[in-house]
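Peer 1: One structure, as structure tokens, below. Some questions next.
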Amino acid sequence: METSENSDNSSAQGPVGQGDYQVQPGDCMASIARQHGFTWQTVWNFPANADLKARREPNVLLPSDQVTIPPIRLRQESRPTGQVHSFQLVGQSCRLQLRFLDDNKQPRSGVVYTLTIDGKRTRGTLDGAGSLNVPISPDASQGSIVLHTEPDLETYPLNLGHLDPDSSPTGIRGRLNNLGFTCASDGDWDANLQSAIKRFQIANDIPPTGELDGQTRQALKQTHQS
């Protein structure tokens, strides 16, 4: 008889929410809101999205989730005629946070990096925690980061917004792959995923059952920080 949380989460794996907008791969609440002229908080806190809000995080949505877009509210501004007036659209940036550790789980502090997001390139240095934290556009989708290491550079592709919720097997696979516990990106709760979970458990001093129990899920969330 199966006793892991894999079966317990089956009801949460499918799409949730209601509304006319269907989440696409790469979408997050900030990018959806930007498309429709809102801040992400306005859409996220809209009462019709209460079920989505209860079961998802704004930056981790599942493709085919349903979002209700609030109606546009007209705003009137009184200005004198015969003059030129400037109006600024209030927007919000998101932040990209990455952390790099070595094989001994020590921060790779001081490493110079080159970050490219949707063709825009910036250069910086990982901080004392081995991290970077930079602003990006809410609708950023693709990029890469190059670590300037010796003797060879290290290049990592970035698919922004493509991480599924941790209630889905693809979400667990994505987090394990990001942490270096390689497994297929697609698939159900199969032997391939079980093997990766075992390797993660061994690395984190958890009994290697290969099952996604509560302790393993919490460790994965804490280590991945999402």
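Ordering of the structure tokens sets the chain letters (A, B, ...); residue numbers start at 1 within each chain; ligands are numbered from 1 in the order shown.
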Please identify all polymer residues within 12 Å of range 164-173 of chain A, counting only C-alpha atoms, omitting same-chain residues fewer than 6 positions from it, and present them as a PyMOL selection string.
Peer 2: chain A and resi 5-16+23-28+52+55-65+179-190+192-197+200+211-212+216-221+224-226
Peer 1: List the spatial neighbours of Arg121 in chain A as a list in words - criterion: any atom at most 12 Å away, only C-alpha atoms, same-chain residues fewer than 4 positions off excluded.
Peer 2: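 Once the nearby chain positions are removed, what remains is Tyr113, Thr114, Leu115, Thr116, Ile117, Val134, Ile136, Gly143, Ser144, Ile145 and Val146 of chain A.
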Peer 1: So which bits of range 9-215 of chain A end up strand (DSSP E or B) when you DSSP the backbone, as a VMD selection string?
Peer 2: chain A and resid 17 21 to 22 57 60 66 to 67 94 to 99 101 107 112 to 117 120 to 125 131 to 136 142 to 147 154 to 159
Peer 1: Identify all residues of range 133-210 of chain A in alpha helix (DSSP H) (DSSP on the backbone) and supply them as a PyMOL selection string.
Peer 2: chain A and resi 169-178+191-203
Peer 1: For CA of Pro138 in chain A and CA of Cys94 in chain A, determine how far apart the two atoms are, in Å to one decimal place.
Peer 2: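 Between these atoms lies a distance of 5.4 Å.
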Peer 1: Find, counting only C-alpha atoms, the residue in A:Pro80, A:Pro157, A:Pro151, A:Pro70 that gets nearest to Tyr21 in chain A.
Peer 2: A:Pro70
